[in-house]
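Shown next: structure_31.pdb, containing PDB, C-alpha atoms.
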```
ATOM      1  CA  GLY A   1       5.353 -17.570  40.600  1.00  0.00           C
ATOM      2  CA  ALA A   2       3.716 -19.030  37.555  1.00  0.00           C
ATOM      3  CA  VAL A   3       6.149 -20.179  34.910  1.00  0.00           C
ATOM      4  CA  VAL A   4       5.520 -20.396  31.205  1.00  0.00           C
ATOM      5  CA  SER A   5       8.187 -22.160  29.189  1.00  0.00           C
ATOM      6  CA  GLN A   6       8.594 -21.621  25.467  1.00  0.00           C
ATOM      7  CA  HIS A   7      10.767 -23.588  23.088  1.00  0.00           C
ATOM      8  CA  PRO A   8      12.807 -23.011  21.017  1.00  0.00           C
ATOM      9  CA  SER A   9      14.098 -19.604  22.013  1.00  0.00           C
ATOM     10  CA  TRP A  10      15.284 -18.934  18.499  1.00  0.00           C
ATOM     11  CA  VAL A  11      15.041 -20.666  15.152  1.00  0.00           C
ATOM     12  CA  ILE A  12      16.279 -19.998  11.645  1.00  0.00           C
ATOM     13  CA  CYS A  13      14.508 -21.722   8.788  1.00  0.00           C
ATOM     14  CA  LYS A  14      14.382 -21.587   5.046  1.00  0.00           C
ATOM     15  CA  SER A  15      11.504 -20.069   3.174  1.00  0.00           C
ATOM     16  CA  GLY A  16       8.757 -22.605   2.516  1.00  0.00           C
ATOM     17  CA  THR A  17       9.448 -24.795   5.518  1.00  0.00           C
ATOM     18  CA  SER A  18       7.329 -25.124   8.660  1.00  0.00           C
ATOM     19  CA  VAL A  19       8.338 -24.332  12.211  1.00  0.00           C
ATOM     20  CA  LYS A  20       6.704 -25.519  15.431  1.00  0.00           C
ATOM     21  CA  ILE A  21       6.877 -23.524  18.649  1.00  0.00           C
ATOM     22  CA  GLU A  22       5.899 -25.063  21.980  1.00  0.00           C
ATOM     23  CA  CYS A  23       4.443 -23.294  24.983  1.00  0.00           C
ATOM     24  CA  ARG A  24       4.137 -25.066  28.319  1.00  0.00           C
ATOM     25  CA  SER A  25       2.717 -24.030  31.634  1.00  0.00           C
ATOM     26  CA  LEU A  26       5.119 -25.603  34.115  1.00  0.00           C
ATOM     27  CA  ASP A  27       3.404 -25.327  37.471  1.00  0.00           C
ATOM     28  CA  PHE A  28      -0.220 -24.717  36.640  1.00  0.00           C
ATOM     29  CA  GLN A  29      -2.902 -25.795  34.221  1.00  0.00           C
ATOM     30  CA  ALA A  30      -3.962 -23.402  31.500  1.00  0.00           C
ATOM     31  CA  THR A  31      -7.215 -23.977  29.652  1.00  0.00           C
ATOM     32  CA  THR A  32      -6.422 -20.930  27.571  1.00  0.00           C
ATOM     33  CA  MET A  33      -3.143 -19.710  26.171  1.00  0.00           C
ATOM     34  CA  PHE A  34      -2.491 -16.654  24.050  1.00  0.00           C
ATOM     35  CA  TRP A  35      -0.079 -16.272  21.172  1.00  0.00           C
ATOM     36  CA  TYR A  36       1.389 -12.856  20.474  1.00  0.00           C
ATOM     37  CA  ARG A  37       3.709 -11.536  17.812  1.00  0.00           C
ATOM     38  CA  GLN A  38       6.042  -8.623  18.282  1.00  0.00           C
ATOM     39  CA  PHE A  39       7.865  -6.789  15.520  1.00  0.00           C
ATOM     40  CA  PRO A  40      10.898  -4.606  16.326  1.00  0.00           C
ATOM     41  CA  LYS A  41       9.949  -1.462  18.247  1.00  0.00           C
ATOM     42  CA  GLN A  42       6.309  -2.476  18.148  1.00  0.00           C
ATOM     43  CA  SER A  43       3.922  -3.639  20.810  1.00  0.00           C
ATOM     44  CA  LEU A  44       2.680  -7.149  21.321  1.00  0.00           C
ATOM     45  CA  MET A  45      -0.109  -8.006  18.945  1.00  0.00           C
ATOM     46  CA  LEU A  46      -2.455 -10.823  19.818  1.00  0.00           C
ATOM     47  CA  MET A  47      -2.564 -13.434  17.070  1.00  0.00           C
ATOM     48  CA  ALA A  48      -4.846 -16.065  18.510  1.00  0.00           C
ATOM     49  CA  THR A  49      -6.337 -17.548  21.620  1.00  0.00           C
ATOM     50  CA  SER A  50      -5.617 -21.211  22.104  1.00  0.00           C
ATOM     51  CA  ASN A  51      -8.325 -23.218  23.852  1.00  0.00           C
ATOM     52  CA  GLU A  52      -7.679 -26.650  25.315  1.00  0.00           C
ATOM     53  CA  GLY A  53      -9.703 -29.289  23.522  1.00  0.00           C
ATOM     54  CA  SER A  54     -11.259 -26.955  20.975  1.00  0.00           C
ATOM     55  CA  LYS A  55     -10.390 -24.754  18.029  1.00  0.00           C
ATOM     56  CA  ALA A  56      -8.303 -21.665  18.456  1.00  0.00           C
ATOM     57  CA  THR A  57      -9.781 -18.229  18.011  1.00  0.00           C
ATOM     58  CA  TYR A  58      -7.845 -16.067  15.584  1.00  0.00           C
ATOM     59  CA  GLU A  59      -7.655 -12.295  15.505  1.00  0.00           C
ATOM     60  CA  GLN A  60      -8.702 -10.436  12.410  1.00  0.00           C
ATOM     61  CA  GLY A  61      -6.051 -10.570   9.734  1.00  0.00           C
ATOM     62  CA  VAL A  62      -4.298 -13.660  11.070  1.00  0.00           C
ATOM     63  CA  GLU A  63      -4.436 -16.616   8.683  1.00  0.00           C
ATOM     64  CA  LYS A  64      -5.530 -19.699  10.574  1.00  0.00           C
ATOM     65  CA  ASP A  65      -4.205 -22.036   7.880  1.00  0.00           C
ATOM     66  CA  LYS A  66      -0.801 -20.450   8.096  1.00  0.00           C
ATOM     67  CA  PHE A  67      -0.543 -20.293  11.867  1.00  0.00           C
ATOM     68  CA  LEU A  68      -1.767 -23.648  13.114  1.00  0.00           C
ATOM     69  CA  ILE A  69      -2.498 -23.851  16.807  1.00  0.00           C
ATOM     70  CA  ASN A  70      -2.966 -27.023  18.784  1.00  0.00           C
ATOM     71  CA  HIS A  71      -3.825 -27.074  22.484  1.00  0.00           C
ATOM     72  CA  ALA A  72      -3.899 -30.783  23.184  1.00  0.00           C
ATOM     73  CA  SER A  73      -3.464 -30.693  26.950  1.00  0.00           C
ATOM     74  CA  LEU A  74      -3.883 -28.339  29.879  1.00  0.00           C
ATOM     75  CA  THR A  75      -0.165 -27.604  29.911  1.00  0.00           C
ATOM     76  CA  LEU A  76       0.838 -27.476  26.258  1.00  0.00           C
ATOM     77  CA  SER A  77      -0.050 -25.340  23.272  1.00  0.00           C
ATOM     78  CA  THR A  78       1.836 -25.349  19.989  1.00  0.00           C
ATOM     79  CA  LEU A  79       2.015 -22.820  17.190  1.00  0.00           C
ATOM     80  CA  THR A  80       3.135 -24.045  13.788  1.00  0.00           C
ATOM     81  CA  VAL A  81       4.122 -21.488  11.186  1.00  0.00           C
ATOM     82  CA  THR A  82       3.489 -23.267   7.893  1.00  0.00           C
ATOM     83  CA  SER A  83       5.231 -22.453   4.626  1.00  0.00           C
ATOM     84  CA  ALA A  84       7.183 -19.710   6.328  1.00  0.00           C
ATOM     85  CA  HIS A  85       8.188 -16.602   4.410  1.00  0.00           C
ATOM     86  CA  PRO A  86      10.680 -13.875   5.319  1.00  0.00           C
ATOM     87  CA  GLU A  87       7.835 -11.565   6.331  1.00  0.00           C
ATOM     88  CA  ASP A  88       6.936 -14.105   9.053  1.00  0.00           C
ATOM     89  CA  SER A  89      10.229 -13.325  10.750  1.00  0.00           C
ATOM     90  CA  SER A  90       9.275 -11.957  14.143  1.00  0.00           C
ATOM     91  CA  PHE A  91       9.313 -12.553  17.876  1.00  0.00           C
ATOM     92  CA  TYR A  92       6.530 -14.940  18.891  1.00  0.00           C
ATOM     93  CA  ILE A  93       5.493 -15.040  22.538  1.00  0.00           C
ATOM     94  CA  CYS A  94       2.972 -17.216  24.300  1.00  0.00           C
ATOM     95  CA  SER A  95       1.212 -16.464  27.552  1.00  0.00           C
ATOM     96  CA  ALA A  96      -1.209 -18.008  29.990  1.00  0.00           C
ATOM     97  CA  ARG A  97      -3.225 -17.175  33.048  1.00  0.00           C
ATOM     98  CA  VAL A  98      -3.316 -18.907  36.372  1.00  0.00           C
ATOM     99  CA  GLY A  99      -6.914 -19.534  37.283  1.00  0.00           C
ATOM    100  CA  ALA A 100     -10.018 -18.454  35.445  1.00  0.00           C
ATOM    101  CA  ASP A 101      -9.636 -16.847  32.074  1.00  0.00           C
ATOM    102  CA  ARG A 102     -10.932 -13.439  32.984  1.00  0.00           C
ATOM    103  CA  GLY A 103      -9.374 -10.027  33.084  1.00  0.00           C
ATOM    104  CA  ASN A 104      -8.956 -10.241  36.831  1.00  0.00           C
ATOM    105  CA  SER A 105      -5.767 -12.270  36.707  1.00  0.00           C
ATOM    106  CA  PRO A 106      -2.635 -11.167  34.887  1.00  0.00           C
ATOM    107  CA  LEU A 107      -0.971 -12.964  32.018  1.00  0.00           C
ATOM    108  CA  HIS A 108       2.374 -14.674  32.455  1.00  0.00           C
ATOM    109  CA  PHE A 109       4.614 -14.835  29.434  1.00  0.00           C
ATOM    110  CA  GLY A 110       7.130 -17.225  28.025  1.00  0.00           C
ATOM    111  CA  ASN A 111      10.529 -15.949  26.973  1.00  0.00           C
ATOM    112  CA  GLY A 112       9.570 -15.843  23.337  1.00  0.00           C
ATOM    113  CA  THR A 113      10.826 -17.435  20.139  1.00  0.00           C
ATOM    114  CA  ARG A 114      12.731 -15.380  17.630  1.00  0.00           C
ATOM    115  CA  LEU A 115      11.964 -16.726  14.173  1.00  0.00           C
ATOM    116  CA  THR A 116      14.133 -15.784  11.219  1.00  0.00           C
ATOM    117  CA  VAL A 117      13.085 -17.003   7.803  1.00  0.00           C
ATOM    118  CA  THR A 118      15.783 -16.821   5.142  1.00  0.00           C
TER
ATOM    119  CA  GLN B 119      -7.407   6.857  18.242  1.00  0.00           C
ATOM    120  CA  LYS B 120      -5.640   3.760  19.460  1.00  0.00           C
ATOM    121  CA  GLU B 121      -7.026   2.005  22.501  1.00  0.00           C
ATOM    122  CA  VAL B 122      -3.791   2.412  24.446  1.00  0.00           C
ATOM    123  CA  GLU B 123      -1.225   5.155  23.885  1.00  0.00           C
ATOM    124  CA  GLN B 124       2.274   5.021  25.291  1.00  0.00           C
ATOM    125  CA  ASP B 125       5.240   7.229  24.442  1.00  0.00           C
ATOM    126  CA  PRO B 126       7.908   4.913  23.042  1.00  0.00           C
ATOM    127  CA  GLY B 127      10.784   7.113  24.218  1.00  0.00           C
ATOM    128  CA  PRO B 128      13.639   6.390  24.432  1.00  0.00           C
ATOM    129  CA  LEU B 129      13.960   7.773  27.923  1.00  0.00           C
ATOM    130  CA  SER B 130      17.428   8.181  29.398  1.00  0.00           C
ATOM    131  CA  VAL B 131      17.986   9.044  33.050  1.00  0.00           C
ATOM    132  CA  PRO B 132      20.950   9.013  35.452  1.00  0.00           C
ATOM    133  CA  GLU B 133      21.193   6.356  38.115  1.00  0.00           C
ATOM    134  CA  GLY B 134      19.180   7.263  41.196  1.00  0.00           C
ATOM    135  CA  ALA B 135      16.616   9.349  39.320  1.00  0.00           C
ATOM    136  CA  ILE B 136      12.880   8.959  39.711  1.00  0.00           C
ATOM    137  CA  VAL B 137      11.330   7.650  36.516  1.00  0.00           C
ATOM    138  CA  SER B 138       7.763   8.313  35.461  1.00  0.00           C
ATOM    139  CA  LEU B 139       6.178   6.188  32.754  1.00  0.00           C
ATOM    140  CA  ASN B 140       2.644   6.767  31.521  1.00  0.00           C
ATOM    141  CA  CYS B 141      -0.135   5.415  29.365  1.00  0.00           C
ATOM    142  CA  THR B 142      -3.483   6.775  28.319  1.00  0.00           C
ATOM    143  CA  TYR B 143      -6.409   4.750  27.103  1.00  0.00           C
ATOM    144  CA  SER B 144      -9.780   5.290  25.536  1.00  0.00           C
ATOM    145  CA  ASN B 145     -11.867   2.279  26.565  1.00  0.00           C
ATOM    146  CA  SER B 146     -13.751   2.998  29.777  1.00  0.00           C
ATOM    147  CA  ALA B 147     -14.435  -0.742  30.200  1.00  0.00           C
ATOM    148  CA  PHE B 148     -10.840  -1.415  31.164  1.00  0.00           C
ATOM    149  CA  GLN B 149     -10.628  -2.360  34.821  1.00  0.00           C
ATOM    150  CA  TYR B 150      -7.368  -4.258  35.199  1.00  0.00           C
ATOM    151  CA  PHE B 151      -4.079  -2.539  34.609  1.00  0.00           C
ATOM    152  CA  MET B 152      -0.630  -4.038  34.418  1.00  0.00           C
ATOM    153  CA  TRP B 153       2.927  -3.006  33.869  1.00  0.00           C
ATOM    154  CA  TYR B 154       5.371  -5.403  32.302  1.00  0.00           C
ATOM    155  CA  ARG B 155       9.121  -5.104  31.950  1.00  0.00           C
ATOM    156  CA  GLN B 156      10.744  -6.587  28.876  1.00  0.00           C
ATOM    157  CA  TYR B 157      14.459  -7.028  28.477  1.00  0.00           C
ATOM    158  CA  SER B 158      15.891  -7.358  25.003  1.00  0.00           C
ATOM    159  CA  ARG B 159      15.046 -10.693  23.345  1.00  0.00           C
ATOM    160  CA  LYS B 160      13.016 -11.839  26.361  1.00  0.00           C
ATOM    161  CA  GLY B 161       9.320 -12.198  27.108  1.00  0.00           C
ATOM    162  CA  PRO B 162       7.522  -9.582  29.214  1.00  0.00           C
ATOM    163  CA  GLU B 163       7.781  -9.959  32.974  1.00  0.00           C
ATOM    164  CA  LEU B 164       4.884  -8.835  35.167  1.00  0.00           C
ATOM    165  CA  LEU B 165       5.879  -5.943  37.435  1.00  0.00           C
ATOM    166  CA  MET B 166       2.667  -4.492  38.785  1.00  0.00           C
ATOM    167  CA  TYR B 167      -0.995  -5.396  38.662  1.00  0.00           C
ATOM    168  CA  THR B 168      -3.778  -3.106  39.812  1.00  0.00           C
ATOM    169  CA  TYR B 169      -7.533  -3.124  39.745  1.00  0.00           C
ATOM    170  CA  SER B 170      -9.579   0.010  39.131  1.00  0.00           C
ATOM    171  CA  SER B 171      -8.327   3.368  40.399  1.00  0.00           C
ATOM    172  CA  GLY B 172      -5.761   3.929  43.102  1.00  0.00           C
ATOM    173  CA  ASN B 173      -2.135   3.381  43.952  1.00  0.00           C
ATOM    174  CA  LYS B 174      -0.091   0.264  44.538  1.00  0.00           C
ATOM    175  CA  GLU B 175       3.454   0.165  45.808  1.00  0.00           C
ATOM    176  CA  ASP B 176       5.991  -2.652  45.597  1.00  0.00           C
ATOM    177  CA  GLY B 177       9.510  -1.808  46.629  1.00  0.00           C
ATOM    178  CA  ARG B 178      10.855   0.898  44.347  1.00  0.00           C
ATOM    179  CA  PHE B 179       7.848   0.671  42.045  1.00  0.00           C
ATOM    180  CA  THR B 180       4.542   2.512  42.393  1.00  0.00           C
ATOM    181  CA  ALA B 181       1.628   2.096  40.004  1.00  0.00           C
ATOM    182  CA  GLN B 182      -1.138   4.659  39.802  1.00  0.00           C
ATOM    183  CA  VAL B 183      -4.453   4.410  38.012  1.00  0.00           C
ATOM    184  CA  ASP B 184      -6.776   7.345  37.386  1.00  0.00           C
ATOM    185  CA  LYS B 185      -9.838   5.954  35.673  1.00  0.00           C
ATOM    186  CA  SER B 186     -11.558   9.317  35.500  1.00  0.00           C
ATOM    187  CA  SER B 187      -8.715  10.596  33.333  1.00  0.00           C
ATOM    188  CA  LYS B 188      -8.043   7.224  31.688  1.00  0.00           C
ATOM    189  CA  TYR B 189      -4.420   7.580  32.685  1.00  0.00           C
ATOM    190  CA  ILE B 190      -2.017   5.163  34.335  1.00  0.00           C
ATOM    191  CA  SER B 191       1.505   5.667  35.601  1.00  0.00           C
ATOM    192  CA  LEU B 192       4.466   3.681  36.825  1.00  0.00           C
ATOM    193  CA  PHE B 193       7.037   5.372  39.029  1.00  0.00           C
ATOM    194  CA  ILE B 194      10.465   3.912  39.650  1.00  0.00           C
ATOM    195  CA  ARG B 195      12.399   5.359  42.585  1.00  0.00           C
ATOM    196  CA  ASP B 196      16.165   5.229  42.922  1.00  0.00           C
ATOM    197  CA  SER B 197      16.480   3.880  39.398  1.00  0.00           C
ATOM    198  CA  GLN B 198      19.276   1.421  38.711  1.00  0.00           C
ATOM    199  CA  PRO B 199      21.100   0.449  35.500  1.00  0.00           C
ATOM    200  CA  SER B 200      19.413  -2.945  35.831  1.00  0.00           C
ATOM    201  CA  ASP B 201      16.082  -1.168  35.352  1.00  0.00           C
ATOM    202  CA  SER B 202      17.087  -0.458  31.748  1.00  0.00           C
ATOM    203  CA  ALA B 203      14.455  -2.227  29.684  1.00  0.00           C
ATOM    204  CA  THR B 204      11.264  -1.603  27.767  1.00  0.00           C
ATOM    205  CA  TYR B 205       8.215  -1.043  29.964  1.00  0.00           C
ATOM    206  CA  LEU B 206       4.838  -2.029  28.586  1.00  0.00           C
ATOM    207  CA  CYS B 207       1.512  -1.019  30.003  1.00  0.00           C
ATOM    208  CA  ALA B 208      -1.358  -3.429  29.479  1.00  0.00           C
ATOM    209  CA  MET B 209      -5.013  -3.478  30.390  1.00  0.00           C
ATOM    210  CA  SER B 210      -8.166  -5.510  30.085  1.00  0.00           C
ATOM    211  CA  GLY B 211     -11.826  -5.499  30.896  1.00  0.00           C
ATOM    212  CA  ARG B 212     -13.559  -7.777  33.384  1.00  0.00           C
ATOM    213  CA  SER B 213     -14.662 -10.347  30.864  1.00  0.00           C
ATOM    214  CA  GLN B 214     -11.821  -9.862  28.441  1.00  0.00           C
ATOM    215  CA  GLY B 215      -9.377 -12.704  28.120  1.00  0.00           C
ATOM    216  CA  ASN B 216      -6.563 -10.972  26.290  1.00  0.00           C
ATOM    217  CA  LEU B 217      -4.651  -7.851  27.173  1.00  0.00           C
ATOM    218  CA  ILE B 218      -4.305  -4.691  25.157  1.00  0.00           C
ATOM    219  CA  PHE B 219      -0.748  -3.444  25.240  1.00  0.00           C
ATOM    220  CA  GLY B 220       0.885  -0.090  24.784  1.00  0.00           C
ATOM    221  CA  LYS B 221       3.860   0.129  22.444  1.00  0.00           C
ATOM    222  CA  GLY B 222       6.295   0.193  25.331  1.00  0.00           C
ATOM    223  CA  THR B 223       8.713   2.841  26.567  1.00  0.00           C
ATOM    224  CA  LYS B 224      12.391   2.089  26.287  1.00  0.00           C
ATOM    225  CA  LEU B 225      14.204   3.188  29.429  1.00  0.00           C
ATOM    226  CA  SER B 226      17.934   3.545  29.840  1.00  0.00           C
ATOM    227  CA  VAL B 227      19.430   4.231  33.271  1.00  0.00           C
ATOM    228  CA  LYS B 228      22.984   5.486  33.010  1.00  0.00           C
ATOM    229  CA  PRO B 229      25.486   4.681  35.791  1.00  0.00           C
TER
END
```
Translate the structure described by the file into structure tokens.
Amino acid sequence: GAVVSQHPSWVICKSGTSVKIECRSLDFQATTMFWYRQFPKQSLMLMATSNEGSKATYEQGVEKDKFLINHASLTLSTLTVTSAHPEDSSFYICSARVGADRGNSPLHFGNGTRLTVT
Amino acid sequence: QKEVEQDPGPLSVPEGAIVSLNCTYSNSAFQYFMWYRQYSRKGPELLMYTYSSGNKEDGRFTAQVDKSSKYISLFIRDSQPSDSATYLCAMSGRSQGNLIFGKGTKLSVKP
């Protein structure tokens, strides 16, 4: 099946620093990738849609200057949390679809990155 | 009213029991329905994927969709301790790129 690889799986950083998370589609090309955030005992909340070769689309309430997304190739999207604060501590998960970006194909998820900001 | 409602549980059952997990939704445009399983500190893993109303069976898992009632279910037969995880329902419309998730139901299967 489709594999989405995410790295790192966990990271601890100091407040004010930046952290980059990578998301790769290993056996398929993904023109669109999705970044989700999940707080404890909460559902996945879509943060932004990453589009290859163009700007990401951010959900309402998500600061685009704080969560920088780059989708430079058909197999790689990165999320950079800039000037991280303790409230940014969360579980970040990327996902991608095989095939056309429509509702008629399911999303495949990476294993997530647990970010802890001290 | 939230778009997708799912009882967070926790739900605890003995090994071998039949488990029923459910979600309700409000958006009649949803056409694609999925169930994901998420183990602790891992990303969601796709379990079942259905289109429109009807049933779909895969091994011990059966997914049901009732669009008229805006209600979906996942049944797990002969539940095993390894089934202990959080189960998330998710859905989308035909032209919708992202999924809308339920909060997830935490299931514990006791040996």
Might you pull out every residue within 12 Å of Phe67 (chain A), with only C-alpha atoms counted and same-chain residues fewer than 3 positions away left off, and present them as a short mmCIF file (atom, residue, chain, number, x, y, z; two decimals) with C-alpha atoms, in the coordinates of the input?
```cif
data_model
loop_
_atom_site.label_atom_id
_atom_site.label_comp_id
_atom_site.auth_asym_id
_atom_site.auth_seq_id
_atom_site.Cartn_x
_atom_site.Cartn_y
_atom_site.Cartn_z
CA SER A 18 7.33 -25.12 8.66
CA VAL A 19 8.34 -24.33 12.21
CA LYS A 20 6.70 -25.52 15.43
CA ILE A 21 6.88 -23.52 18.65
CA TRP A 35 -0.08 -16.27 21.17
CA TYR A 36 1.39 -12.86 20.47
CA ARG A 37 3.71 -11.54 17.81
CA MET A 47 -2.56 -13.43 17.07
CA ALA A 48 -4.85 -16.07 18.51
CA THR A 49 -6.34 -17.55 21.62
CA SER A 50 -5.62 -21.21 22.10
CA ALA A 56 -8.30 -21.66 18.46
CA THR A 57 -9.78 -18.23 18.01
CA TYR A 58 -7.84 -16.07 15.58
CA GLU A 59 -7.66 -12.30 15.50
CA GLY A 61 -6.05 -10.57 9.73
CA VAL A 62 -4.30 -13.66 11.07
CA GLU A 63 -4.44 -16.62 8.68
CA LYS A 64 -5.53 -19.70 10.57
CA ASN A 70 -2.97 -27.02 18.78
CA THR A 78 1.84 -25.35 19.99
CA LEU A 79 2.02 -22.82 17.19
CA THR A 80 3.14 -24.04 13.79
CA VAL A 81 4.12 -21.49 11.19
CA THR A 82 3.49 -23.27 7.89
CA SER A 83 5.23 -22.45 4.63
CA ALA A 84 7.18 -19.71 6.33
CA ASP A 88 6.94 -14.10 9.05
CA TYR A 92 6.53 -14.94 18.89
#
```
Quiz item: Residues picked by the PyMOL selection byres ((chain A) within 12 of (chain B)) here, as a VMD selection string?
Solution: chain A and resid 1 to 6 9 to 10 31 to 51 57 to 59 90 to 115
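CA of Ser186 (chain B) is found 11.4 Å from CA of Asn145 (chain B).
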Quiz item: Could you state the separation of CA of Arg195 (chain B) and CA of Asp125 (chain B) in Å, given to one decimal place?
Solution: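 That distance, rounded to one decimal, is 19.6 Å.
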Quiz prompt | Evaluate the PyMOL selection byres ((chain B and resi 142) around 7) and report residues as an MDAnalysis selection string | solution = chainID B and resid 122:124 140:141 143 188:190
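The interatomic distance for the pair CA of Phe179 (chain B) and CA of Phe193 (chain B) works out to 5.6 Å.
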Can you tell me, as an mmCIF file with C-alpha atoms, keeping the file's coordinate frame, what residues are no more than 6 Å from Ala181 (chain B) when counting all atoms listed in the file, ignoring any on the same chain fewer than 2 positions away?
```cif
data_model
loop_
_atom_site.group_PDB
_atom_site.id
_atom_site.type_symbol
_atom_site.label_atom_id
_atom_site.label_comp_id
_atom_site.auth_asym_id
_atom_site.auth_seq_id
_atom_site.Cartn_x
_atom_site.Cartn_y
_atom_site.Cartn_z
ATOM 1 C CA ASN B 173 -2.135 3.381 43.952
ATOM 2 C CA LYS B 174 -0.091 0.264 44.538
ATOM 3 C CA SER B 191 1.505 5.667 35.601
ATOM 4 C CA LEU B 192 4.466 3.681 36.825
#
```
Assuming the input is short of atoms at region 67-73 of chain A, produce all heavy atoms for that part as a PDB file, in the frame of the given file.
```
ATOM      1  N   PHE A  67      -0.977 -20.211  10.469  1.00  0.00           N
ATOM      2  CA  PHE A  67      -0.543 -20.293  11.867  1.00  0.00           C
ATOM      3  C   PHE A  67      -1.436 -21.315  12.577  1.00  0.00           C
ATOM      4  O   PHE A  67      -2.487 -20.985  13.118  1.00  0.00           O
ATOM      5  CB  PHE A  67      -0.622 -18.929  12.546  1.00  0.00           C
ATOM      6  CG  PHE A  67       0.263 -17.893  11.922  1.00  0.00           C
ATOM      7  CD1 PHE A  67      -0.254 -16.955  11.029  1.00  0.00           C
ATOM      8  CD2 PHE A  67       1.619 -17.858  12.207  1.00  0.00           C
ATOM      9  CE1 PHE A  67       0.565 -15.996  10.442  1.00  0.00           C
ATOM     10  CE2 PHE A  67       2.449 -16.899  11.625  1.00  0.00           C
ATOM     11  CZ  PHE A  67       1.925 -15.976  10.740  1.00  0.00           C
ATOM     12  N   LEU A  68      -0.980 -22.565  12.552  1.00  0.00           N
ATOM     13  CA  LEU A  68      -1.767 -23.648  13.114  1.00  0.00           C
ATOM     14  C   LEU A  68      -1.527 -23.753  14.611  1.00  0.00           C
ATOM     15  O   LEU A  68      -0.403 -23.812  15.071  1.00  0.00           O
ATOM     16  CB  LEU A  68      -1.386 -24.977  12.441  1.00  0.00           C
ATOM     17  CG  LEU A  68      -1.621 -25.054  10.928  1.00  0.00           C
ATOM     18  CD1 LEU A  68      -1.179 -26.414  10.410  1.00  0.00           C
ATOM     19  CD2 LEU A  68      -3.083 -24.789  10.592  1.00  0.00           C
ATOM     20  N   ILE A  69      -2.608 -23.782  15.359  1.00  0.00           N
ATOM     21  CA  ILE A  69      -2.498 -23.851  16.807  1.00  0.00           C
ATOM     22  C   ILE A  69      -3.167 -25.129  17.289  1.00  0.00           C
ATOM     23  O   ILE A  69      -4.283 -25.451  16.905  1.00  0.00           O
ATOM     24  CB  ILE A  69      -3.141 -22.625  17.465  1.00  0.00           C
ATOM     25  CG1 ILE A  69      -2.276 -21.383  17.183  1.00  0.00           C
ATOM     26  CG2 ILE A  69      -3.300 -22.826  18.970  1.00  0.00           C
ATOM     27  CD1 ILE A  69      -2.886 -20.094  17.651  1.00  0.00           C
ATOM     28  N   ASN A  70      -2.440 -25.815  18.174  1.00  0.00           N
ATOM     29  CA  ASN A  70      -2.966 -27.023  18.784  1.00  0.00           C
ATOM     30  C   ASN A  70      -2.791 -26.926  20.290  1.00  0.00           C
ATOM     31  O   ASN A  70      -1.706 -26.638  20.774  1.00  0.00           O
ATOM     32  CB  ASN A  70      -2.225 -28.255  18.240  1.00  0.00           C
ATOM     33  CG  ASN A  70      -2.799 -29.538  18.784  1.00  0.00           C
ATOM     34  OD1 ASN A  70      -2.509 -29.944  19.906  1.00  0.00           O
ATOM     35  ND2 ASN A  70      -3.647 -30.167  17.997  1.00  0.00           N
ATOM     36  N   HIS A  71      -3.875 -27.168  21.007  1.00  0.00           N
ATOM     37  CA  HIS A  71      -3.825 -27.074  22.484  1.00  0.00           C
ATOM     38  C   HIS A  71      -4.346 -28.408  23.010  1.00  0.00           C
ATOM     39  O   HIS A  71      -5.483 -28.522  23.446  1.00  0.00           O
ATOM     40  CB  HIS A  71      -4.696 -25.901  22.936  1.00  0.00           C
ATOM     41  CG  HIS A  71      -4.455 -25.483  24.353  1.00  0.00           C
ATOM     42  ND1 HIS A  71      -4.666 -24.186  24.771  1.00  0.00           N
ATOM     43  CD2 HIS A  71      -4.047 -26.161  25.442  1.00  0.00           C
ATOM     44  CE1 HIS A  71      -4.392 -24.088  26.054  1.00  0.00           C
ATOM     45  NE2 HIS A  71      -4.010 -25.277  26.482  1.00  0.00           N
ATOM     46  N   ALA A  72      -3.479 -29.415  22.950  1.00  0.00           N
ATOM     47  CA  ALA A  72      -3.899 -30.783  23.184  1.00  0.00           C
ATOM     48  C   ALA A  72      -4.034 -31.138  24.665  1.00  0.00           C
ATOM     49  O   ALA A  72      -4.709 -32.106  25.009  1.00  0.00           O
ATOM     50  CB  ALA A  72      -2.929 -31.742  22.520  1.00  0.00           C
ATOM     51  N   SER A  73      -3.382 -30.381  25.520  1.00  0.00           N
ATOM     52  CA  SER A  73      -3.464 -30.693  26.950  1.00  0.00           C
ATOM     53  C   SER A  73      -3.538 -29.399  27.745  1.00  0.00           C
ATOM     54  O   SER A  73      -3.395 -28.315  27.186  1.00  0.00           O
ATOM     55  CB  SER A  73      -2.247 -31.513  27.393  1.00  0.00           C
ATOM     56  OG  SER A  73      -1.109 -30.681  27.534  1.00  0.00           O
TER      57      SER A  73
END
```
